[in-house]
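protein-v4.cif (mmCIF, C-alpha atoms and all ligand atoms)
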data_structure
loop_
_atom_site.label_atom_id
_atom_site.label_comp_id
_atom_site.auth_asym_id
_atom_site.auth_seq_id
_atom_site.Cartn_x
_atom_site.Cartn_y
_atom_site.Cartn_z
CA MET A 1 -9.76 2.20 -18.00
CA ALA A 2 -8.91 0.03 -21.01
CA ALA A 3 -7.19 -2.46 -18.71
CA LEU A 4 -10.50 -4.17 -17.94
CA LEU A 5 -12.06 -4.17 -21.40
CA GLY A 6 -13.23 -7.71 -22.17
CA ARG A 7 -11.66 -9.18 -19.00
CA LYS A 8 -13.63 -12.00 -17.41
CA ILE A 9 -14.04 -11.57 -13.70
CA LEU A 10 -15.78 -14.07 -11.50
CA VAL A 11 -17.01 -12.32 -8.37
CA GLY A 12 -17.57 -14.63 -5.41
CA ILE A 13 -19.69 -13.38 -2.52
CA SER A 14 -19.63 -15.01 0.88
CA GLY A 15 -21.74 -14.12 3.90
CA GLY A 16 -21.06 -10.66 5.28
CA ILE A 17 -22.75 -7.29 5.59
CA ALA A 18 -20.09 -5.81 3.25
CA ALA A 19 -21.83 -7.69 0.40
CA TYR A 20 -23.82 -4.53 -0.32
CA LYS A 21 -20.56 -2.86 -1.43
CA THR A 22 -19.98 -5.66 -3.91
CA ALA A 23 -23.10 -4.62 -5.83
CA TYR A 24 -21.42 -1.28 -6.53
CA LEU A 25 -18.13 -3.01 -7.38
CA ILE A 26 -19.89 -5.16 -10.00
CA ARG A 27 -21.41 -2.07 -11.54
CA GLN A 28 -18.00 -0.42 -11.76
CA LEU A 29 -16.38 -3.54 -13.24
CA ARG A 30 -18.99 -3.66 -15.96
CA GLY A 31 -18.73 0.08 -16.45
CA GLU A 32 -15.07 -0.41 -17.39
CA GLY A 33 -15.91 -3.14 -19.90
CA ALA A 34 -15.33 -6.30 -17.84
CA GLN A 35 -17.56 -9.36 -18.16
CA VAL A 36 -18.79 -10.37 -14.72
CA ARG A 37 -20.29 -13.60 -13.42
CA VAL A 38 -21.38 -13.92 -9.82
CA VAL A 39 -21.24 -16.95 -7.55
CA MET A 40 -22.79 -16.64 -4.09
CA THR A 41 -22.52 -18.83 -1.03
CA GLN A 42 -25.68 -19.74 0.83
CA ALA A 43 -24.79 -17.33 3.64
CA ALA A 44 -24.37 -14.45 1.16
CA GLU A 45 -28.09 -14.68 0.31
CA GLN A 46 -28.84 -13.45 3.85
CA PHE A 47 -27.20 -10.12 2.95
CA ILE A 48 -27.98 -9.45 -0.72
CA THR A 49 -30.41 -10.95 -3.20
CA PRO A 50 -29.40 -12.92 -6.31
CA MET A 51 -31.89 -10.77 -8.25
CA THR A 52 -29.93 -7.58 -7.50
CA LEU A 53 -26.67 -9.20 -8.58
CA GLN A 54 -28.23 -10.70 -11.70
CA ALA A 55 -29.51 -7.28 -12.73
CA LEU A 56 -26.09 -5.68 -12.14
CA SER A 57 -23.95 -8.40 -13.73
CA GLY A 58 -26.35 -9.07 -16.62
CA GLN A 59 -25.86 -12.82 -16.08
CA PRO A 60 -27.66 -15.49 -14.08
CA VAL A 61 -26.19 -15.75 -10.59
CA ARG A 62 -24.85 -19.18 -9.58
CA GLN A 63 -25.51 -20.45 -6.08
CA SER A 64 -25.54 -24.21 -6.03
CA LEU A 65 -23.09 -26.88 -7.03
CA PHE A 66 -25.97 -29.24 -7.68
CA ASP A 67 -28.12 -27.24 -10.10
CA PRO A 68 -28.69 -29.37 -13.24
CA ALA A 69 -29.96 -26.46 -15.39
CA HIS A 70 -27.01 -24.20 -14.62
CA GLU A 71 -24.48 -27.03 -14.77
CA ALA A 72 -25.78 -27.90 -18.24
CA ALA A 73 -25.26 -24.29 -19.37
CA MET A 74 -21.78 -23.75 -17.88
CA GLY A 75 -20.47 -26.39 -15.48
CA HIS A 76 -18.45 -25.41 -12.43
CA ILE A 77 -15.18 -26.53 -14.00
CA GLU A 78 -15.90 -24.47 -17.13
CA LEU A 79 -16.70 -21.52 -14.88
CA ALA A 80 -13.37 -21.96 -13.09
CA ARG A 81 -11.65 -21.89 -16.49
CA TRP A 82 -13.77 -19.08 -17.95
CA ALA A 83 -12.46 -16.46 -15.52
CA ASP A 84 -9.31 -14.34 -15.93
CA LEU A 85 -9.54 -13.42 -12.24
CA ILE A 86 -11.59 -14.65 -9.30
CA LEU A 87 -12.33 -12.02 -6.67
CA VAL A 88 -14.14 -13.08 -3.50
CA ALA A 89 -15.61 -9.96 -1.89
CA PRO A 90 -16.50 -10.11 0.90
CA ALA A 91 -14.41 -13.08 2.00
CA SER A 92 -15.69 -14.08 5.44
CA ALA A 93 -13.58 -15.77 8.13
CA ASP A 94 -15.50 -18.98 7.44
CA TYR A 95 -14.83 -18.76 3.71
CA MET A 96 -11.10 -18.16 4.27
CA ALA A 97 -10.97 -21.13 6.65
CA ARG A 98 -12.69 -23.40 4.14
CA MET A 99 -10.42 -22.26 1.35
CA ALA A 100 -7.28 -22.65 3.47
CA ALA A 101 -8.41 -26.20 4.31
CA GLY A 102 -8.91 -26.99 0.60
CA MET A 103 -12.62 -27.71 1.05
CA ALA A 104 -14.97 -28.12 -1.92
CA ASP A 105 -18.22 -28.08 0.00
CA ASP A 106 -20.04 -25.48 -2.08
CA LEU A 107 -19.88 -24.04 -5.59
CA LEU A 108 -17.57 -21.11 -4.80
CA ALA A 109 -15.10 -23.23 -2.81
CA THR A 110 -15.10 -25.85 -5.58
CA ILE A 111 -14.39 -23.25 -8.26
CA CYS A 112 -11.53 -21.76 -6.21
CA LEU A 113 -10.05 -25.24 -5.76
CA ALA A 114 -10.37 -26.10 -9.45
CA THR A 115 -9.16 -22.83 -10.96
CA GLU A 116 -5.70 -21.97 -12.23
CA VAL A 117 -6.32 -18.24 -12.58
CA PRO A 118 -5.31 -15.65 -9.94
CA ILE A 119 -7.57 -15.51 -6.88
CA ALA A 120 -7.96 -12.40 -4.75
CA LEU A 121 -9.84 -12.23 -1.47
CA ALA A 122 -11.23 -9.05 0.09
CA PRO A 123 -11.59 -10.12 3.74
CA ALA A 124 -14.43 -8.64 5.78
CA MET A 125 -15.19 -9.67 9.33
CA ASN A 126 -15.34 -8.54 12.95
CA GLN A 127 -11.95 -7.25 14.19
CA GLY A 128 -11.71 -10.01 16.81
CA MET A 129 -12.26 -12.67 14.15
CA TRP A 130 -9.58 -11.10 11.92
CA ARG A 131 -7.09 -10.98 14.81
CA ASN A 132 -7.84 -14.55 15.91
CA SER A 133 -4.78 -16.76 15.49
CA ALA A 134 -6.83 -19.27 13.45
CA THR A 135 -7.69 -16.57 10.87
CA CYS A 136 -4.07 -15.29 10.92
CA GLN A 137 -2.86 -18.83 10.20
CA ASN A 138 -5.42 -19.23 7.39
CA ALA A 139 -4.34 -15.91 5.87
CA ARG A 140 -0.67 -17.03 5.94
CA THR A 141 -1.59 -20.37 4.34
CA LEU A 142 -3.50 -18.64 1.55
CA LEU A 143 -0.74 -16.09 0.94
CA ALA A 144 1.82 -18.89 0.74
CA ARG A 145 -0.32 -20.48 -2.00
CA GLY A 146 -0.26 -17.27 -4.01
CA VAL A 147 -3.75 -16.09 -3.13
CA ARG A 148 -3.86 -12.28 -2.97
CA LEU A 149 -5.33 -10.73 0.15
CA TRP A 150 -6.68 -7.26 -0.57
CA GLY A 151 -7.30 -5.62 2.78
CA PRO A 152 -8.94 -5.57 5.18
CA SER A 153 -8.78 -1.95 6.26
CA GLU A 154 -9.30 -0.58 9.75
CA GLY A 155 -12.15 1.51 11.07
CA ASP A 156 -15.68 1.43 12.42
CA GLN A 157 -17.45 -1.87 11.84
CA ALA A 158 -21.10 -2.70 11.25
CA CYS A 159 -21.11 -4.63 14.56
CA GLY A 160 -20.32 -1.40 16.42
CA GLU A 161 -16.66 -2.23 17.11
CA SER A 162 -13.61 -0.63 15.58
CA GLY A 163 -10.43 -2.21 14.24
CA PRO A 164 -9.10 -4.23 11.30
CA GLY A 165 -11.69 -6.20 9.34
CA ARG A 166 -13.48 -3.71 7.09
CA MET A 167 -13.71 -4.71 3.45
CA LEU A 168 -11.84 -2.33 1.15
CA GLU A 169 -14.04 0.20 -0.59
CA PRO A 170 -15.15 -0.64 -4.16
CA GLU A 171 -12.85 2.05 -5.61
CA GLN A 172 -9.83 0.56 -3.81
CA LEU A 173 -10.75 -2.91 -5.10
CA MET A 174 -11.18 -1.50 -8.60
CA GLN A 175 -7.66 -0.08 -8.44
CA LEU A 176 -6.28 -3.48 -7.46
CA VAL A 177 -8.23 -5.26 -10.21
CA ARG A 178 -6.91 -2.76 -12.76
CA GLN A 179 -3.39 -3.43 -11.51
CA VAL A 180 -3.78 -7.17 -12.13
CA PHE A 181 -4.44 -6.43 -15.80
CA SER A 182 -2.43 -3.29 -16.30
CA THR A 183 1.04 -3.03 -17.61
CA GLY A 184 1.66 0.31 -15.93
CA ALA A 185 4.86 2.28 -16.46
CA ALA A 186 6.31 0.71 -13.29
CA ALA A 187 5.11 -2.87 -13.91
CA GLY A 188 7.83 -5.33 -12.89
CA LEU A 189 9.70 -2.78 -10.77
CA LYS A 190 10.34 -3.26 -7.06
CA VAL A 191 10.06 0.02 -5.18
CA LEU A 192 11.09 0.58 -1.57
CA LEU A 193 9.95 3.75 0.22
CA THR A 194 10.30 5.27 3.66
CA ALA A 195 7.68 7.60 5.12
CA GLY A 196 6.68 9.39 8.30
CA PRO A 197 8.77 10.47 11.27
CA THR A 198 11.01 8.46 13.55
CA ARG A 199 10.77 8.57 17.33
CA GLU A 200 13.95 8.58 19.40
CA PRO A 201 13.26 7.58 23.02
CA ILE A 202 14.48 9.71 25.91
CA ASP A 203 12.83 7.53 28.55
CA PRO A 204 9.86 5.09 28.40
CA VAL A 205 7.33 7.91 27.98
CA ARG A 206 9.19 10.67 26.10
CA PHE A 207 10.80 10.90 22.71
CA ILE A 208 12.32 13.27 20.15
CA SER A 209 10.41 13.37 16.87
CA ASN A 210 9.16 15.76 14.16
CA ARG A 211 5.99 16.86 12.40
CA SER A 212 5.94 14.39 9.51
CA SER A 213 2.47 12.89 9.06
CA GLY A 214 3.48 10.34 6.41
CA LYS A 215 1.00 11.81 3.89
CA MET A 216 3.64 12.52 1.23
CA GLY A 217 5.30 9.10 1.51
CA PHE A 218 1.99 7.20 1.56
CA ALA A 219 0.80 9.14 -1.52
CA LEU A 220 4.00 8.12 -3.30
CA ALA A 221 3.50 4.47 -2.35
CA MET A 222 -0.02 4.64 -3.80
CA ALA A 223 1.18 6.35 -6.99
CA PHE A 224 3.93 3.75 -7.61
CA SER A 225 1.48 0.95 -6.89
CA ALA A 226 -1.05 2.43 -9.33
CA GLN A 227 1.69 2.27 -11.98
CA GLY A 228 2.01 -1.48 -11.37
CA ALA A 229 5.12 -1.46 -9.13
CA ASP A 230 5.64 -3.98 -6.35
CA VAL A 231 5.79 -1.54 -3.43
CA THR A 232 7.15 -1.95 0.10
CA LEU A 233 6.60 0.97 2.46
CA ILE A 234 8.63 1.30 5.65
CA THR A 235 6.98 3.82 7.90
CA GLY A 236 7.50 5.49 11.22
CA PRO A 237 4.52 6.02 13.55
CA VAL A 238 1.63 7.56 11.58
CA THR A 239 -2.15 7.26 11.65
CA LEU A 240 -2.68 6.56 7.95
CA GLU A 241 -4.25 3.55 6.27
CA THR A 242 -2.02 1.35 4.15
CA PRO A 243 -2.62 2.07 0.45
CA ALA A 244 -4.25 -0.87 -1.33
CA GLY A 245 -1.75 -3.38 -2.69
CA VAL A 246 1.20 -1.93 -0.76
CA ARG A 247 3.26 -4.03 1.67
CA ARG A 248 3.82 -2.05 4.87
CA LEU A 249 6.44 -2.46 7.60
CA ASP A 250 6.11 -0.35 10.75
CA VAL A 251 9.13 0.90 12.66
CA GLU A 252 9.69 3.47 15.38
CA THR A 253 13.31 4.61 15.60
CA ALA A 254 15.89 5.59 12.98
CA LEU A 255 17.93 2.51 13.85
CA GLU A 256 14.87 0.29 13.29
CA MET A 257 14.16 2.07 10.01
CA GLU A 258 17.78 1.55 8.92
CA ALA A 259 17.61 -2.17 9.77
CA ALA A 260 14.29 -2.60 7.89
CA VAL A 261 15.59 -0.74 4.82
CA MET A 262 18.81 -2.76 4.72
CA SER A 263 16.94 -6.05 4.95
CA GLU A 264 14.54 -5.04 2.13
CA VAL A 265 16.76 -3.10 -0.29
CA GLU A 266 18.45 -6.07 -1.98
CA GLY A 267 16.96 -6.55 -5.44
CA CYS A 268 14.90 -3.38 -5.37
CA ASP A 269 14.95 -1.11 -8.43
CA ILE A 270 13.99 2.24 -6.92
CA PHE A 271 14.45 3.56 -3.38
CA VAL A 272 12.69 6.73 -2.21
CA GLY A 273 13.60 8.23 1.18
CA CYS A 274 10.63 10.40 2.08
CA ALA A 275 10.82 9.76 5.83
CA ALA A 276 11.83 12.56 8.14
CA VAL A 277 14.50 10.52 9.90
CA ALA A 278 15.76 12.06 13.15
CA ASP A 279 19.37 13.12 12.62
CA TYR A 280 20.19 12.58 16.30
CA ARG A 281 19.02 10.27 19.10
CA PRO A 282 19.60 10.47 22.85
CA ALA A 283 22.89 8.74 23.62
CA HIS A 284 21.27 6.87 26.53
CA ALA A 285 17.56 6.06 26.67
CA VAL A 286 16.81 5.97 30.39
CA GLY A 287 15.02 2.80 31.56
CA GLN A 288 12.64 4.57 33.99
CA LYS A 289 10.64 7.81 33.64
CA ILE A 290 12.95 10.78 34.39
CA LYS A 291 11.86 12.65 37.56
CA LYS A 292 11.65 16.44 37.45
CA THR A 293 14.09 17.02 40.30
CA ALA A 294 16.66 19.18 38.49
CA GLN A 295 15.93 22.71 37.20
CA THR A 296 17.80 22.05 33.97
CA ARG A 297 18.75 18.82 32.29
CA ASP A 298 21.09 18.06 29.41
CA ILE A 299 20.37 15.29 26.95
CA GLU A 300 23.42 14.07 25.12
CA LEU A 301 22.62 13.33 21.48
CA VAL A 302 24.47 11.10 19.04
CA ARG A 303 24.17 11.06 15.23
CA ASN A 304 21.86 8.53 13.62
CA PRO A 305 23.09 6.67 10.53
CA ASP A 306 22.13 8.28 7.22
CA ILE A 307 19.86 5.68 5.62
CA LEU A 308 19.59 7.38 2.24
CA ALA A 309 23.36 7.82 1.89
CA ALA A 310 23.93 4.20 2.93
CA VAL A 311 21.52 2.94 0.24
CA ALA A 312 23.17 5.12 -2.43
CA ALA A 313 26.63 3.89 -1.35
CA ARG A 314 25.83 0.20 -1.90
CA ALA A 315 27.86 -1.71 -4.45
CA LYS A 316 24.79 -2.09 -6.67
CA PRO A 317 22.47 0.70 -5.54
CA PRO A 318 18.87 1.03 -6.67
CA PHE A 319 17.88 4.24 -8.45
CA THR A 320 17.88 6.46 -5.37
CA VAL A 321 15.58 9.42 -4.69
CA GLY A 322 15.91 11.61 -1.61
CA PHE A 323 13.87 14.45 -0.19
CA ALA A 324 15.23 17.67 1.26
CA ALA A 325 13.16 19.49 3.87
CA GLU A 326 14.42 23.07 3.95
CA THR A 327 13.29 26.27 5.63
CA GLU A 328 15.34 28.50 3.27
CA ARG A 329 17.40 28.35 0.01
CA PRO A 330 15.85 24.99 -1.01
CA VAL A 331 17.67 24.61 -4.33
CA GLU A 332 21.13 25.37 -2.96
CA TYR A 333 20.77 23.16 0.14
CA ALA A 334 19.07 20.33 -1.76
CA GLN A 335 21.84 20.29 -4.39
CA GLU A 336 24.39 20.02 -1.59
CA LYS A 337 22.48 17.10 -0.09
CA ARG A 338 22.10 15.39 -3.47
CA LYS A 339 25.85 15.48 -4.02
CA ALA A 340 26.86 14.68 -0.44
CA LYS A 341 24.53 11.66 -0.25
CA GLY A 342 25.29 10.50 -3.80
CA VAL A 343 21.63 10.13 -4.85
CA ASP A 344 20.20 10.18 -8.38
CA MET A 345 17.46 12.70 -7.66
CA ILE A 346 16.35 14.90 -4.80
CA ALA A 347 12.96 16.54 -4.21
CA ALA A 348 13.23 19.78 -2.25
CA ASN A 349 10.35 21.21 -0.28
CA LEU A 350 10.00 24.28 1.87
CA VAL A 351 8.78 23.20 5.29
CA ALA A 352 8.38 26.55 7.02
CA ALA A 353 6.23 28.24 4.36
CA ALA A 354 2.58 29.24 4.75
CA GLU A 355 1.52 26.24 2.66
CA GLY A 356 2.97 22.83 1.85
CA GLY A 357 5.53 20.76 3.75
CA PHE A 358 4.89 18.80 6.93
CA GLU A 359 1.38 17.64 7.91
CA ARG A 360 -0.53 19.63 5.29
CA ASP A 361 -2.62 18.03 2.55
CA GLU A 362 -0.81 20.01 -0.16
CA ASN A 363 2.82 20.43 -1.10
CA SER A 364 5.09 21.57 -3.93
CA LEU A 365 8.50 20.25 -4.93
CA ILE A 366 11.62 21.29 -6.81
CA VAL A 367 13.08 18.11 -8.22
CA LEU A 368 16.81 18.19 -8.99
CA TRP A 369 19.18 15.80 -10.69
CA GLU A 370 22.57 16.06 -12.40
CA GLY A 371 21.99 18.65 -15.14
CA GLY A 372 18.22 18.85 -14.67
CA ARG A 373 15.41 20.43 -12.69
CA LYS A 374 11.62 20.16 -12.65
CA ASP A 375 9.32 22.35 -10.57
CA LEU A 376 6.15 20.60 -9.45
CA PRO A 377 3.29 22.95 -8.48
CA MET A 378 1.49 23.32 -5.16
CA THR A 379 -1.20 20.65 -5.32
CA ASP A 380 -2.68 17.92 -3.15
CA LYS A 381 -0.13 15.26 -2.12
CA PRO A 382 -1.71 12.34 -4.08
CA HIS A 383 -1.57 14.42 -7.28
CA LEU A 384 1.92 15.70 -6.54
CA ALA A 385 3.02 12.10 -5.94
CA GLN A 386 1.77 11.09 -9.40
CA LEU A 387 3.77 13.94 -10.96
CA LEU A 388 6.91 12.97 -9.04
CA VAL A 389 6.53 9.28 -9.87
CA THR A 390 6.27 10.13 -13.57
CA GLN A 391 9.54 12.13 -13.37
CA VAL A 392 11.28 9.40 -11.36
CA LEU A 393 10.29 6.76 -13.94
CA ILE A 394 11.53 8.96 -16.81
CA ASN A 395 14.91 9.46 -15.11
CA TYR A 396 15.11 5.79 -14.10
CA GLU A 397 14.54 4.71 -17.72
CA LYS A 398 17.15 7.22 -18.98
CA LYS A 399 19.77 5.94 -16.54
CA HIS A 400 19.07 2.33 -17.46
CA SER A 401 19.08 2.85 -21.19
CA ALA A 402 22.39 4.77 -20.80
CA GLU A 403 23.84 1.85 -18.79
CA ASP A 404 22.66 -0.68 -21.39
CA THR A 405 24.36 1.12 -24.32
O1 LIG B 501 5.01 13.39 6.03
P1 LIG B 501 4.36 14.70 5.59
O2 LIG B 501 3.68 15.39 6.74
O3 LIG B 501 3.46 14.52 4.39
O4 LIG B 501 5.52 15.72 5.15
C1 LIG B 501 6.32 15.42 4.03
C2 LIG B 501 7.80 15.72 4.31
C3 LIG B 501 7.98 17.22 4.51
C4 LIG B 501 8.30 14.96 5.54
C5 LIG B 501 8.59 15.21 3.04
O5 LIG B 501 8.14 15.88 1.91
C6 LIG B 501 10.10 15.41 3.21
O6 LIG B 501 10.65 16.45 2.95
N1 LIG B 501 10.79 14.34 3.69
C7 LIG B 501 12.23 14.40 4.04
C8 LIG B 501 12.39 15.02 5.39
C9 LIG B 501 13.84 15.08 5.85
O7 LIG B 501 14.21 14.41 6.77
O8 LIG B 501 14.63 15.82 5.10
P2 LIG B 501 16.22 16.04 5.38
O9 LIG B 501 16.59 17.17 4.51
O10 LIG B 501 16.49 16.16 6.84
O11 LIG B 501 16.87 14.69 4.87
C10 LIG B 501 17.34 14.53 3.55
C11 LIG B 501 17.13 13.12 3.08
O12 LIG B 501 17.94 12.21 3.85
C12 LIG B 501 15.70 12.61 3.19
O13 LIG B 501 15.44 11.83 2.04
C13 LIG B 501 15.72 11.74 4.44
O14 LIG B 501 14.78 10.66 4.35
C14 LIG B 501 17.15 11.20 4.42
N2 LIG B 501 17.72 10.92 5.75
C15 LIG B 501 17.92 11.91 6.65
C16 LIG B 501 18.53 11.63 7.86
C17 LIG B 501 18.91 10.29 8.15
N3 LIG B 501 19.48 9.98 9.29
N4 LIG B 501 18.70 9.34 7.24
C18 LIG B 501 18.12 9.62 6.05
O15 LIG B 501 17.93 8.72 5.23
#
What would you get if you wrote out this structure as C-alpha cells?
Amino acid sequence: MAALLGRKILVGISGGIAAYKTAYLIRQLRGEGAQVRVVMTQAAEQFITPMTLQALSGQPVRQSLFDPAHEAAMGHIELARWADLILVAPASADYMARMAAGMADDLLATICLATEVPIALAPAMNQGMWRNSATCQNARTLLARGVRLWGPSEGDQACGESGPGRMLEPEQLMQLVRQVFSTGAAAGLKVLLTAGPTREPIDPVRFISNRSSGKMGFALAMAFSAQGADVTLITGPVTLETPAGVRRLDVETALEMEAAVMSEVEGCDIFVGCAAVADYRPAHAVGQKIKKTAQTRDIELVRNPDILAAVAARAKPPFTVGFAAETERPVEYAQEKRKAKGVDMIAANLVAAAEGGFERDENSLIVLWEGGRKDLPMTDKPHLAQLLVTQVLINYEKKHSAEDT
C-alpha cells in the first residue's frame, strides 16, 4: 500500500468503452495515496465525462493542447515532468499508432513524446484490431522503446466478439502500478517457471498428457511478480490468463519445453519446475491418424529429458526449485527426487488425495531442502504460492549470503 503514497501518476485516457474502468482505477490510485492528474483525448470524451474524472482525481482534467488558462497553470511540458509514471488506460489502437509514429497531435501524445518518465499502456480494442499486423508492429515498436504494455487480456468484448483486446481490470493495473514503485523482496531477480502439462503426440489427433491445469504454476508466477521479480513463465497447453506483468511462452511437448527453458535460463536467478512434464513420449509420432484395424496396439515410449535435473546440472545453475507429485510417501519420494535431481528445494504434494493436487483450486505442500522442512497448509493456490515464494526467497538469500562469505 505504501508504495504509492505521494507518487504522481498521470492517467491518460483515449477513446474506448473501457474508459469507465479507468474511473475506478483513479479512485483506487488516490485511495492508496497517489496524486493523480488526468489527460483525455477528444475521443475519450465520447465515453466518459471530464466532470466525473475531475471529481475522482480532485484536479482539473486536461483535454486540449491549446488551452491558455490551463497552460498558464501547468504547461504540457511541466505536466510531462511532473509525473512519476504515465499510464494510458485505455490505450486505443489509434492512440498506439500515433504514439508509435511519434506524433504530437494532441495533448496526451505531446506529453508522452516529451516525457522522460516510464510510460505504461493498457491496450483496449476489438480483437481483430489487436491482431492486425499494423497494431502488432506498433506494439513491437513501443516495446522496443521501453514503453510497458500491460495487457490486453482475452475474453468477451463490448462489441460482442471474444478474443484478445480487453483492458486489464483496475485491480490488475493497480498491481502493476504498485510494482513500478515497489522494492519487493524479489525486486531485481529474474525468475523462470514452468507450468501446466505437456502433450506428447501419438498421431495428429491423439496425445499422451496428464491432469495439470497450470493453476499452481500460474499462481507462483503471479506471486513472484507481485514481489517485484522479472518473471518468465513457460507453459504447456492450459486455459488460464497470463498473470499481469508476466512474460509467457507457450509450448506443447516436453522437448519444446526443454528447448524454451534452455534458451531462457541463462542469467536467471531462480528456476521453478512446476510443470507436469511427461516422463515418456511415443518413440514415433505417426504422420496420419491411426486406423482402428487391430484389436490391440503397442505404443513404444522413450524417455523425455529431465528439464529440472538439466537446469540444476548447469555450470552456474540458478537457485533451483522442483515439485514432486506423489500418490504415497511424499516426503520419502520427494527427498529422493531432490537428491537425484540435485535441486536446492523440492515441494511435495499428494496428487491422489481427496483434496489438493492436480486441477483443484486448493493444494498443500511439504517443502524440503538440505536439513530443513516446512509444511504449508491446505489453502487456495494463489495463497499457497505466496507462502512458497516467501520460503524460496528466504532460502535463496541464505544460499547467496553463504556463498558471499
Ligand atoms: O497444474 P495444477 O493442476 O495446478 O497442479 C499442480 C501440480 C500437481 C501439477 C504441481 O503442484 C506439481 O506437483 N508439479 C510437478 C508435477 C510432476 O511432474 O512431478 P514429478 O514428480 O513427476 O516431477 C518432479 C519434478 O521434475 C517436477 O519439478 C517436474 O517439473 C520435473 N520434471 C519431471 C520430468 C521431466 N521430464 N522433466 C522435469 O523437469
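Comparing A:Ala91, A:Val321, A:Trp130, A:Lys289 by their smallest distance to Leu193 (chain A), the closest is A:Val321 (using all atoms listed in the file).
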Atom O9 of ligand LIG 501 (chain B) to CA of Gly228 (chain A), straight-line distance in Å: 28.5 Å
Would you pick out the contacts of region 302-314 of chain A at 9 Å or less, using all atoms listed in the file, so that residues sharing its chain but fewer than 6 positions from it are not included, and give the list as a ChimeraX atom specification? /A:254-255,257-258,261-262,265,271-273,277-283,320-322,340-344
Give me, as a PyMOL selection string, all polymer residues having an atom no more than 6 Å from region 103-119 of chain A, counting all atoms listed in the file and skipping those fewer than 2 positions away in the same chain. chain A and resi 64-65+80+84-87+98-99+101+147
Could you please determine the separation between CA of Gln172 (chain A) and CA of Phe358 (chain A) in Å, to one decimal place?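 Distance between the two atoms: 25.8 Å.
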Any idea what's packed within 9 Å of Pro170 (chain A), counting only C-alpha atoms, ignoring anything in its chain fewer than 4 positions away? Could you give it as a ChimeraX atom specification? /A:21-22,24-26,28,174-175
Please put the answer as JSON: centre and edge lengths, in Å with one decimal, of a box along x, y and z that encloses all listed atoms of region 267-276 of chain A plus 6 Å on each side.
{"center_x": 13.8, "center_y": 3.0, "center_z": -0.1, "size_x": 18.3, "size_y": 31.1, "size_z": 28.6}
Check the smallest atom-to-atom distance from each of A:Lys339, A:His284, A:Arg211, A:Arg247 to ligand LIG 501 (chain B) using all atoms listed in the file, then report the winner.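 Among the listed residues, A:Arg211 lies closest to ligand LIG 501 (chain B).
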For region 239-254 of chain A, supply N, CA and C atoms and format the output as a compact mmCIF listing (two decimals), in the frame of the given file.
# COMPACT_ATOMS: atom_id res chain seq x y z
N THR A 239 -0.78 7.76 11.45
CA THR A 239 -2.15 7.26 11.65
C THR A 239 -2.84 7.06 10.30
N LEU A 240 -2.09 6.69 9.28
CA LEU A 240 -2.68 6.56 7.95
C LEU A 240 -2.96 5.10 7.62
N GLU A 241 -3.94 4.90 6.73
CA GLU A 241 -4.25 3.55 6.27
C GLU A 241 -3.25 3.13 5.21
N THR A 242 -2.94 1.86 5.17
CA THR A 242 -2.02 1.35 4.15
C THR A 242 -2.69 1.43 2.78
N PRO A 243 -2.01 2.04 1.79
CA PRO A 243 -2.62 2.07 0.45
C PRO A 243 -2.83 0.64 -0.08
N ALA A 244 -3.91 0.46 -0.82
CA ALA A 244 -4.25 -0.87 -1.33
C ALA A 244 -3.09 -1.44 -2.14
N GLY A 245 -2.77 -2.71 -1.90
CA GLY A 245 -1.75 -3.38 -2.69
C GLY A 245 -0.33 -3.12 -2.25
N VAL A 246 -0.15 -2.28 -1.23
CA VAL A 246 1.20 -1.93 -0.76
C VAL A 246 1.56 -2.77 0.47
N ARG A 247 2.78 -3.28 0.50
CA ARG A 247 3.26 -4.03 1.67
C ARG A 247 3.86 -3.02 2.65
N ARG A 248 3.40 -3.07 3.89
CA ARG A 248 3.82 -2.05 4.87
C ARG A 248 4.57 -2.66 6.04
N LEU A 249 5.68 -2.03 6.41
CA LEU A 249 6.44 -2.46 7.60
C LEU A 249 6.52 -1.26 8.55
N ASP A 250 6.10 -1.45 9.78
CA ASP A 250 6.11 -0.35 10.75
C ASP A 250 7.36 -0.39 11.61
N VAL A 251 7.97 0.78 11.79
CA VAL A 251 9.13 0.90 12.66
C VAL A 251 8.94 2.13 13.53
N GLU A 252 9.83 2.30 14.51
CA GLU A 252 9.69 3.47 15.38
C GLU A 252 10.94 4.36 15.31
N THR A 253 12.10 3.79 15.52
CA THR A 253 13.31 4.61 15.60
C THR A 253 14.07 4.61 14.27
N ALA A 254 15.05 5.54 14.18
CA ALA A 254 15.89 5.59 12.98
C ALA A 254 16.68 4.29 12.82
